[in-house]
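Data from target.txt: compact mmCIF, C-alpha atoms
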```txt
# COMPACT_ATOMS: atom_id res chain seq x y z
CA MET A 1 -156.89 -13.42 21.51
CA SER A 2 -160.61 -12.71 21.31
CA ASN A 3 -161.99 -9.69 19.56
CA GLY A 4 -163.39 -7.50 22.33
CA ARG A 5 -165.58 -5.64 19.85
CA ASP A 6 -167.22 -8.90 18.72
CA PHE A 7 -167.78 -9.92 22.32
CA ARG A 8 -169.42 -6.62 23.24
CA ALA A 9 -171.63 -6.96 20.16
CA LYS A 10 -172.67 -10.40 21.42
CA LEU A 11 -173.63 -8.93 24.79
CA ARG A 12 -175.65 -6.15 23.11
CA GLU A 13 -177.46 -8.74 21.00
CA LEU A 14 -178.38 -10.69 24.14
CA ALA A 15 -179.58 -7.52 25.87
CA ARG A 16 -181.78 -6.58 22.90
CA ALA A 17 -183.25 -10.08 22.80
CA ARG A 18 -184.05 -9.85 26.49
CA ALA A 19 -185.66 -6.43 26.06
CA ARG A 20 -187.88 -7.88 23.31
CA GLY A 21 -188.82 -10.78 25.53
CA ASP A 22 -187.30 -13.34 23.17
CA PRO A 23 -186.56 -16.81 24.55
CA ARG A 24 -183.11 -17.22 26.03
CA PRO A 25 -180.77 -18.40 23.26
CA SER A 26 -179.23 -21.81 23.57
CA PRO A 27 -175.51 -21.93 24.47
CA GLN A 28 -173.22 -22.18 21.49
CA PRO A 29 -171.44 -25.51 21.10
CA PRO A 30 -167.70 -25.44 21.77
CA ALA A 31 -165.40 -25.06 18.80
CA ASP A 32 -163.91 -28.19 17.27
CA ARG A 33 -160.63 -29.58 18.58
CA VAL A 34 -160.48 -27.48 21.73
CA VAL A 35 -160.02 -28.56 25.34
CA ALA A 36 -163.27 -29.09 27.28
CA LEU A 37 -163.62 -27.77 30.81
CA GLU A 38 -164.00 -31.17 32.48
CA GLN A 39 -160.59 -32.17 31.06
CA LEU A 40 -158.96 -29.35 33.03
CA TRP A 41 -161.00 -28.78 36.16
CA PRO A 42 -163.32 -30.86 38.39
CA ALA A 43 -166.58 -29.76 36.77
CA SER A 44 -169.94 -31.08 35.63
CA ARG A 45 -173.03 -29.56 34.09
CA GLY A 46 -175.55 -28.26 36.62
CA GLU A 47 -178.98 -26.78 35.99
CA GLY A 48 -177.99 -24.61 33.04
CA PHE A 49 -174.44 -23.86 34.19
CA TRP A 50 -171.15 -25.54 35.15
CA LEU A 51 -170.79 -26.73 38.74
CA CYS A 52 -167.14 -27.01 39.80
CA ARG A 53 -165.97 -28.68 42.99
CA PRO A 54 -162.17 -28.32 43.09
CA PRO A 55 -160.08 -29.72 45.95
CA TRP A 56 -158.40 -27.48 48.51
CA PRO A 57 -155.49 -25.73 46.73
CA ALA A 58 -151.88 -26.70 47.25
CA GLY A 59 -149.85 -24.02 48.99
CA TYR A 60 -152.60 -23.14 51.48
CA PRO A 61 -152.66 -24.81 54.92
CA ARG A 62 -155.56 -27.15 55.48
CA PRO A 63 -158.22 -25.38 57.53
CA GLU A 64 -158.77 -26.67 61.04
CA ILE A 65 -162.47 -26.72 61.88
CA PRO A 66 -163.38 -26.78 65.59
CA PRO A 67 -165.35 -29.95 66.42
CA THR A 68 -168.30 -27.86 67.61
CA PHE A 69 -168.22 -25.32 64.78
CA GLY A 70 -171.98 -25.59 64.39
CA ARG A 71 -173.21 -22.88 62.07
CA ILE A 72 -173.11 -23.20 58.30
CA CYS A 73 -170.84 -20.39 57.10
CA ALA A 74 -169.62 -19.55 53.63
CA ALA A 75 -166.99 -17.42 51.96
CA LEU A 76 -168.13 -15.60 48.82
CA ASP A 77 -166.12 -14.44 45.83
CA VAL A 78 -167.39 -13.53 42.36
CA GLU A 79 -165.74 -12.91 38.99
CA SER A 80 -167.34 -10.60 36.45
CA LEU A 81 -166.70 -8.62 33.29
CA GLY A 82 -166.48 -5.44 35.35
CA ARG A 83 -168.66 -3.52 37.71
CA THR A 84 -172.40 -3.61 37.22
CA PRO A 85 -174.20 -3.32 34.80
CA LYS A 86 -171.67 -5.70 33.21
CA PRO A 87 -172.58 -9.36 33.82
CA LEU A 88 -170.93 -11.76 36.20
CA PHE A 89 -170.07 -15.29 35.14
CA LEU A 90 -168.63 -17.01 38.22
CA VAL A 91 -169.85 -17.21 41.82
CA GLY A 92 -167.62 -19.11 44.23
CA PHE A 93 -168.42 -20.36 47.73
CA GLY A 94 -166.19 -21.77 50.44
CA LEU A 95 -168.71 -23.67 52.59
CA ILE A 96 -167.66 -24.39 56.18
CA SER A 97 -169.44 -26.92 58.37
CA ASP A 98 -168.54 -29.53 60.98
CA ALA A 99 -167.66 -31.81 58.06
CA GLY A 100 -164.94 -29.43 56.79
CA VAL A 101 -164.63 -26.99 53.90
CA ALA A 102 -166.18 -27.58 50.49
CA ILE A 103 -165.48 -25.33 47.50
CA GLU A 104 -168.26 -24.78 44.98
CA GLN A 105 -167.95 -22.63 41.85
CA TYR A 106 -170.98 -21.81 39.70
CA LEU A 107 -169.75 -20.95 36.21
CA ALA A 108 -171.63 -19.55 33.21
CA GLY A 109 -170.30 -21.17 30.06
CA HIS A 110 -171.84 -18.31 28.05
CA PRO A 111 -173.22 -14.89 29.03
CA GLU A 112 -176.77 -16.17 28.51
CA GLU A 113 -176.19 -18.67 31.34
CA GLU A 114 -175.73 -15.86 33.87
CA TRP A 115 -179.35 -16.16 35.03
CA ALA A 116 -178.86 -19.84 35.95
CA VAL A 117 -175.69 -19.07 37.91
CA LEU A 118 -177.49 -16.29 39.77
CA GLN A 119 -180.48 -18.48 40.54
CA ALA A 120 -178.23 -21.18 42.01
CA ALA A 121 -176.18 -18.62 43.94
CA ALA A 122 -179.31 -17.05 45.45
CA ALA A 123 -180.48 -20.49 46.60
CA ALA A 124 -177.07 -21.19 48.17
CA LEU A 125 -177.06 -17.82 49.95
CA ALA A 126 -180.47 -18.58 51.44
CA ARG A 127 -179.05 -21.70 53.12
CA VAL A 128 -176.06 -19.93 54.69
CA GLU A 129 -176.34 -18.62 58.24
CA THR A 130 -173.21 -16.44 58.15
CA LEU A 131 -171.70 -15.13 54.93
CA PHE A 132 -168.24 -13.63 54.89
CA SER A 133 -166.26 -12.01 52.11
CA TYR A 134 -163.29 -9.79 51.38
CA ASN A 135 -164.60 -6.44 50.13
CA GLY A 136 -167.95 -8.09 49.43
CA ARG A 137 -169.86 -5.17 50.86
CA THR A 138 -168.82 -2.89 48.01
CA PHE A 139 -168.34 -5.39 45.16
CA ASP A 140 -169.56 -8.99 45.40
CA LEU A 141 -172.96 -8.56 47.02
CA PRO A 142 -173.96 -5.40 45.09
CA ILE A 143 -173.20 -7.04 41.75
CA ILE A 144 -175.16 -10.18 42.69
CA ARG A 145 -178.09 -8.03 43.79
CA ASP A 146 -178.03 -5.86 40.67
CA ARG A 147 -177.70 -8.77 38.26
CA LEU A 148 -180.55 -10.66 39.95
CA ARG A 149 -182.72 -7.59 39.51
CA TYR A 150 -181.66 -7.32 35.88
CA TRP A 151 -182.94 -10.85 35.27
CA ARG A 152 -186.03 -10.11 37.39
CA LEU A 153 -185.11 -12.80 39.87
CA PRO A 154 -185.84 -12.39 43.60
CA TYR A 155 -183.08 -11.15 45.88
CA ASP A 156 -182.99 -11.60 49.65
CA GLU A 157 -180.24 -10.04 51.72
CA PRO A 158 -178.02 -12.60 53.48
CA ARG A 159 -179.06 -13.30 57.04
CA ARG A 160 -175.67 -12.06 58.17
CA HIS A 161 -172.68 -10.79 56.23
CA VAL A 162 -169.26 -9.90 57.60
CA ASP A 163 -166.75 -8.13 55.35
CA LEU A 164 -163.31 -9.24 56.52
CA LEU A 165 -161.58 -6.31 54.82
CA TRP A 166 -162.81 -4.00 57.57
CA LEU A 167 -161.58 -6.36 60.27
CA VAL A 168 -158.13 -6.62 58.68
CA ARG A 169 -157.89 -2.84 58.56
CA ARG A 170 -158.90 -2.49 62.18
CA HIS A 171 -157.14 -5.39 63.85
CA TYR A 172 -154.16 -6.39 61.67
CA LYS A 173 -152.93 -3.51 59.50
CA GLU A 174 -150.97 -1.77 62.25
CA LYS A 175 -150.07 -5.00 64.05
CA PHE A 176 -148.28 -6.41 61.00
CA ASN A 177 -147.22 -3.06 59.52
CA MET A 178 -149.11 -3.88 56.33
CA PRO A 179 -148.50 -1.46 53.43
CA ALA A 180 -152.00 -2.12 52.06
CA CYS A 181 -155.00 -4.27 52.92
CA GLY A 182 -155.74 -6.14 49.72
CA LEU A 183 -156.42 -9.85 49.97
CA ALA A 184 -152.91 -10.70 48.74
CA ASP A 185 -151.49 -8.48 51.52
CA ALA A 186 -153.65 -10.22 54.12
CA GLU A 187 -152.46 -13.61 52.85
CA ARG A 188 -148.84 -12.59 53.13
CA TYR A 189 -148.83 -10.66 56.42
CA VAL A 190 -151.66 -12.23 58.42
CA LEU A 191 -151.63 -15.82 57.17
CA GLY A 192 -147.97 -16.09 56.17
CA VAL A 193 -149.00 -17.54 52.80
CA GLN A 194 -147.29 -16.68 49.53
CA ARG A 195 -149.88 -17.06 46.79
CA PRO A 196 -148.84 -19.43 43.98
CA ALA A 197 -148.44 -18.08 40.45
CA ASP A 198 -151.69 -16.33 39.64
CA ILE A 199 -153.29 -13.96 37.16
CA LEU A 200 -154.24 -10.38 37.93
CA SER A 201 -157.89 -9.54 38.49
CA SER A 202 -157.64 -7.17 35.52
CA GLN A 203 -156.90 -10.15 33.23
CA VAL A 204 -160.11 -12.00 34.11
CA PRO A 205 -162.50 -10.28 31.64
CA GLU A 206 -160.19 -10.77 28.66
CA LEU A 207 -159.65 -14.46 29.42
CA TYR A 208 -163.37 -15.07 29.75
CA GLU A 209 -164.05 -13.21 26.49
CA ARG A 210 -161.48 -15.43 24.80
CA PHE A 211 -163.22 -18.54 26.08
CA VAL A 212 -166.67 -17.39 24.92
CA MET A 213 -165.50 -16.38 21.45
CA VAL A 214 -163.28 -19.44 20.81
CA GLY A 215 -164.75 -22.12 23.08
CA ASP A 216 -161.38 -23.26 24.46
CA ALA A 217 -161.58 -23.90 28.21
CA ARG A 218 -157.84 -23.38 28.65
CA ALA A 219 -158.67 -19.71 29.06
CA LEU A 220 -160.97 -20.58 31.98
CA GLU A 221 -158.54 -22.55 34.13
CA PRO A 222 -156.53 -19.54 35.40
CA ILE A 223 -159.79 -17.74 36.26
CA LEU A 224 -161.11 -20.70 38.24
CA ARG A 225 -157.77 -21.10 40.01
CA HIS A 226 -157.69 -17.38 40.86
CA ASN A 227 -161.19 -17.64 42.34
CA LEU A 228 -160.15 -20.77 44.28
CA TYR A 229 -157.17 -18.97 45.82
CA ASP A 230 -159.38 -16.05 46.84
CA LEU A 231 -161.86 -18.40 48.50
CA ALA A 232 -159.15 -20.36 50.33
CA ALA A 233 -157.54 -17.19 51.67
CA THR A 234 -160.89 -15.79 52.79
CA VAL A 235 -161.78 -19.03 54.61
CA LEU A 236 -158.43 -19.10 56.42
CA LEU A 237 -158.73 -15.45 57.42
CA TYR A 238 -162.21 -16.04 58.82
CA LEU A 239 -161.11 -19.04 60.87
CA ARG A 240 -158.09 -17.17 62.23
CA MET A 241 -160.25 -14.20 63.21
CA LYS A 242 -162.80 -16.50 64.81
CA ASN A 243 -160.01 -17.82 67.00
CA GLU A 244 -158.17 -14.55 67.71
CA ILE A 245 -160.90 -11.90 67.77
CA PRO A 246 -164.17 -13.78 68.33
CA GLU A 247 -165.87 -10.69 69.71
CA ALA A 248 -165.51 -9.00 66.31
CA LEU A 249 -167.33 -11.90 64.65
CA ALA A 250 -170.05 -12.20 67.27
CA PRO A 251 -173.65 -12.02 66.05
CA PRO A 252 -175.44 -8.65 66.39
CA GLY A 253 -176.26 -7.90 69.98
CA GLU A 254 -173.15 -9.69 71.20
CA GLU A 255 -170.69 -6.79 71.16
CA GLU A 256 -170.22 -6.72 67.40
CA SER A 257 -168.43 -3.59 66.28
CA ALA A 258 -170.46 -1.13 64.28
CA GLU A 259 -167.48 -0.62 61.98
CA THR A 260 -167.18 -4.30 61.04
CA GLY A 261 -170.22 -4.97 60.31
CA ASP A 262 -173.41 -4.83 60.83
CA LEU A 263 -173.04 -5.49 57.14
CA PHE A 264 -176.41 -6.85 56.17
```

Please rewrite the model in this file as C-alpha cells.
Amino acid sequence: MSNGRDFRAKLRELARARARGDPRPSPQPPADRVVALEQLWPASRGEGFWLCRPPWPAGYPRPEIPPTFGRICAALDVESLGRTPKPLFLVGFGLISDAGVAIEQYLAGHPEEEWAVLQAAAAALARVETLFSYNGRTFDLPIIRDRLRYWRLPYDEPRRHVDLLWLVRRHYKEKFNMPACGLADAERYVLGVQRPADILSSQVPELYERFVMVGDARALEPILRHNLYDLAATVLLYLRMKNEIPEALAPPGEEESAETGDLF
C-alpha cells in the first residue's frame, strides 16, 4: 500500500515547482519487475499521456445505434483524487456516431501529466456536438474547468451538455420505484443491468496513489474498468432516453425542459 503522506508531499513539490515557473518534471520511470499498463489494458502512449481504447465491456448489452443517428455525441466520466483543487488523472469518453460507440480514456501516468490529459480532453470536447454525463453538471465538468484554469489552459463550455441524472430523477425514479438515483441504481432499475464486480469510487484515489508511488499498473486496471463501466452505463441510458423520451433530449428551443437541462 502506498504511503499517502509521501504522495501528498509529491503533489506539494509539483505545485511549488509550478508556482516557481520551473519546467514540468519528466515522468518517473516505472519500478523494476512490475506489470506495465499495456500488458493489462489496451493502451498506448499519446501526446504526454496514456491513450486507452478498451472494447465494449462484457455484461452490458451492445448499444444499438439508429442508422440516421447523425450528430457526434459523447458520454463523459472523470476520475480524480477528490474534488477540486485536487487533480484529476483520467478523462473517459464514450463517443457515439453512425459508426457505433468508441471508448477513449485519457490517463495521466503521473500527476505531472495532468496538463496533457486536460489538453487532449479539451480538444475532444470541442469536437462533440452533444455531451452527456451522469452528475457531470456538479462534478465532472466543474473539475475539468477548474483544472484547466489551474494549468492556465483555455476552457470553452461544451456546445450542449445534458446531465442524465436529472432526467432519471424526473422520468424514471417513480416509474421504477427506485430507492436512489445513483448510476448503479439507474443501471439496475432502468437498464436491467447488474454491474460486474467493481471497486467503490472511494477506492480510486488510494489505488492511483499506489500506482504512482510503486509504478505497478495492476493498481490501475480496476480504476480503468470502473470508468469503462460508468461510460457504458451512461451511453446506454442516453440511447434509451433518446428512444423513450426524445422531447427531453431535444436541443434548446425544441421543448427541452428547463429542469433537465439547459445545462451549458

Check your understanding: With all atoms listed in the file as the basis for distance, which of A:Leu51, A:Leu200, A:Ala126, A:Ile143 is at the shortest distance from Ile72 in chain A?
Key ->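 Checking each of A:Leu51, A:Leu200, A:Ala126, A:Ile143 against Ile72 in chain A, counting all atoms listed in the file, the winner is A:Ala126.
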
Practice item. Write out as a ChimeraX atom specification which residues come within 10 Å of Asp156 in chain A when counting only C-alpha atoms, dropping same-chain ones fewer than 6 positions away. Key: /A:122-123,125-126,145

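The protein and nucleic acid residues lying at most 9 Å from range 62-67 of chain A are Trp56, Pro57, Ile96, Ser97, Asp98, Ala99, Gly100, Val101, Ala232, Val235, Leu236 and Leu239 of chain A, with all atoms listed in the file considered and sequence neighbours fewer than 5 positions away removed.
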
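Closest to Pro54 in chain A among A:Gly82, A:Gly94, A:Pro87, A:Gly136 is A:Gly94, based on only C-alpha atoms.
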
Check your understanding: Which neighbours of range 73-75 of chain A fall inside 12 Å, counting all atoms listed in the file, when residues of the same chain fewer than 5 positions from it are skipped, and could you give them as a PyMOL selection string?
Key -> chain A and resi 65+91-105+121+124-136+140-141+158-164+227-239+242+249

Point to revise | Near-Val204 in chain A list (8 Å; all atoms listed in the file; drop same-chain fewer than 4 positions) as a ChimeraX atom specification | key: /A:79-81,199-200,208,223

Check your understanding: Could you work out how far CA of Gly48 in chain A lies from CA of His110 in chain A, giving the answer in Å with one decimal?
Key ->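 A separation of 10.1 Å between them.
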
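For Leu165 in chain A, the non-local neighbours within 12 Å, defined as residues at least 4 positions apart in the same chain or in other chains and counting only C-alpha atoms, are A:Phe132, A:Ser133, A:Tyr134, A:Asn135, A:Gly136, A:Arg137, A:Thr138, A:Phe139, A:Arg169, A:Arg170, A:His171, A:Tyr172, A:Lys173, A:Ala180, A:Cys181, A:Gly182, A:Leu183, A:Ala184, A:Asp185, A:Ala186, A:Glu187, A:Thr234, A:Leu237, A:Tyr238, A:Met241, A:Glu259, A:Thr260, A:Gly261, A:Leu263.
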
Keeping only C-alpha atoms, write the selected residues as a PDB file, in the coordinates of the input.
```pdb
ATOM      1  CA  PHE A 132    -168.240 -13.630  54.890  1.00  0.00           C
ATOM      2  CA  SER A 133    -166.260 -12.010  52.110  1.00  0.00           C
ATOM      3  CA  TYR A 134    -163.290  -9.790  51.380  1.00  0.00           C
ATOM      4  CA  ASN A 135    -164.600  -6.440  50.130  1.00  0.00           C
ATOM      5  CA  GLY A 136    -167.950  -8.090  49.430  1.00  0.00           C
ATOM      6  CA  ARG A 137    -169.860  -5.170  50.860  1.00  0.00           C
ATOM      7  CA  THR A 138    -168.820  -2.890  48.010  1.00  0.00           C
ATOM      8  CA  PHE A 139    -168.340  -5.390  45.160  1.00  0.00           C
ATOM      9  CA  ARG A 169    -157.890  -2.840  58.560  1.00  0.00           C
ATOM     10  CA  ARG A 170    -158.900  -2.490  62.180  1.00  0.00           C
ATOM     11  CA  HIS A 171    -157.140  -5.390  63.850  1.00  0.00           C
ATOM     12  CA  TYR A 172    -154.160  -6.390  61.670  1.00  0.00           C
ATOM     13  CA  LYS A 173    -152.930  -3.510  59.500  1.00  0.00           C
ATOM     14  CA  ALA A 180    -152.000  -2.120  52.060  1.00  0.00           C
ATOM     15  CA  CYS A 181    -155.000  -4.270  52.920  1.00  0.00           C
ATOM     16  CA  GLY A 182    -155.740  -6.140  49.720  1.00  0.00           C
ATOM     17  CA  LEU A 183    -156.420  -9.850  49.970  1.00  0.00           C
ATOM     18  CA  ALA A 184    -152.910 -10.700  48.740  1.00  0.00           C
ATOM     19  CA  ASP A 185    -151.490  -8.480  51.520  1.00  0.00           C
ATOM     20  CA  ALA A 186    -153.650 -10.220  54.120  1.00  0.00           C
ATOM     21  CA  GLU A 187    -152.460 -13.610  52.850  1.00  0.00           C
ATOM     22  CA  THR A 234    -160.890 -15.790  52.790  1.00  0.00           C
ATOM     23  CA  LEU A 237    -158.730 -15.450  57.420  1.00  0.00           C
ATOM     24  CA  TYR A 238    -162.210 -16.040  58.820  1.00  0.00           C
ATOM     25  CA  MET A 241    -160.250 -14.200  63.210  1.00  0.00           C
ATOM     26  CA  GLU A 259    -167.480  -0.620  61.980  1.00  0.00           C
ATOM     27  CA  THR A 260    -167.180  -4.300  61.040  1.00  0.00           C
ATOM     28  CA  GLY A 261    -170.220  -4.970  60.310  1.00  0.00           C
ATOM     29  CA  LEU A 263    -173.040  -5.490  57.140  1.00  0.00           C
TER      30      LEU A 263
END
```

Review point. Between CA of Glu206 in chain A and CA of Arg53 in chain A, what is the spacing in Å?
Key: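 Between CA of Arg53 in chain A and CA of Glu206 in chain A the gap works out to 23.7 Å.
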
Check your understanding: Quick one, how far is CA of Tyr106 in chain A from CA of Pro205 in chain A?
Key -> 16.4 Å

Check your understanding: Which of these, A:Pro85, A:Val190, A:Ala108, A:Ala197, has the shortest distance to Asp146 in chain A once you count only C-alpha atoms?
Key -> A:Pro85
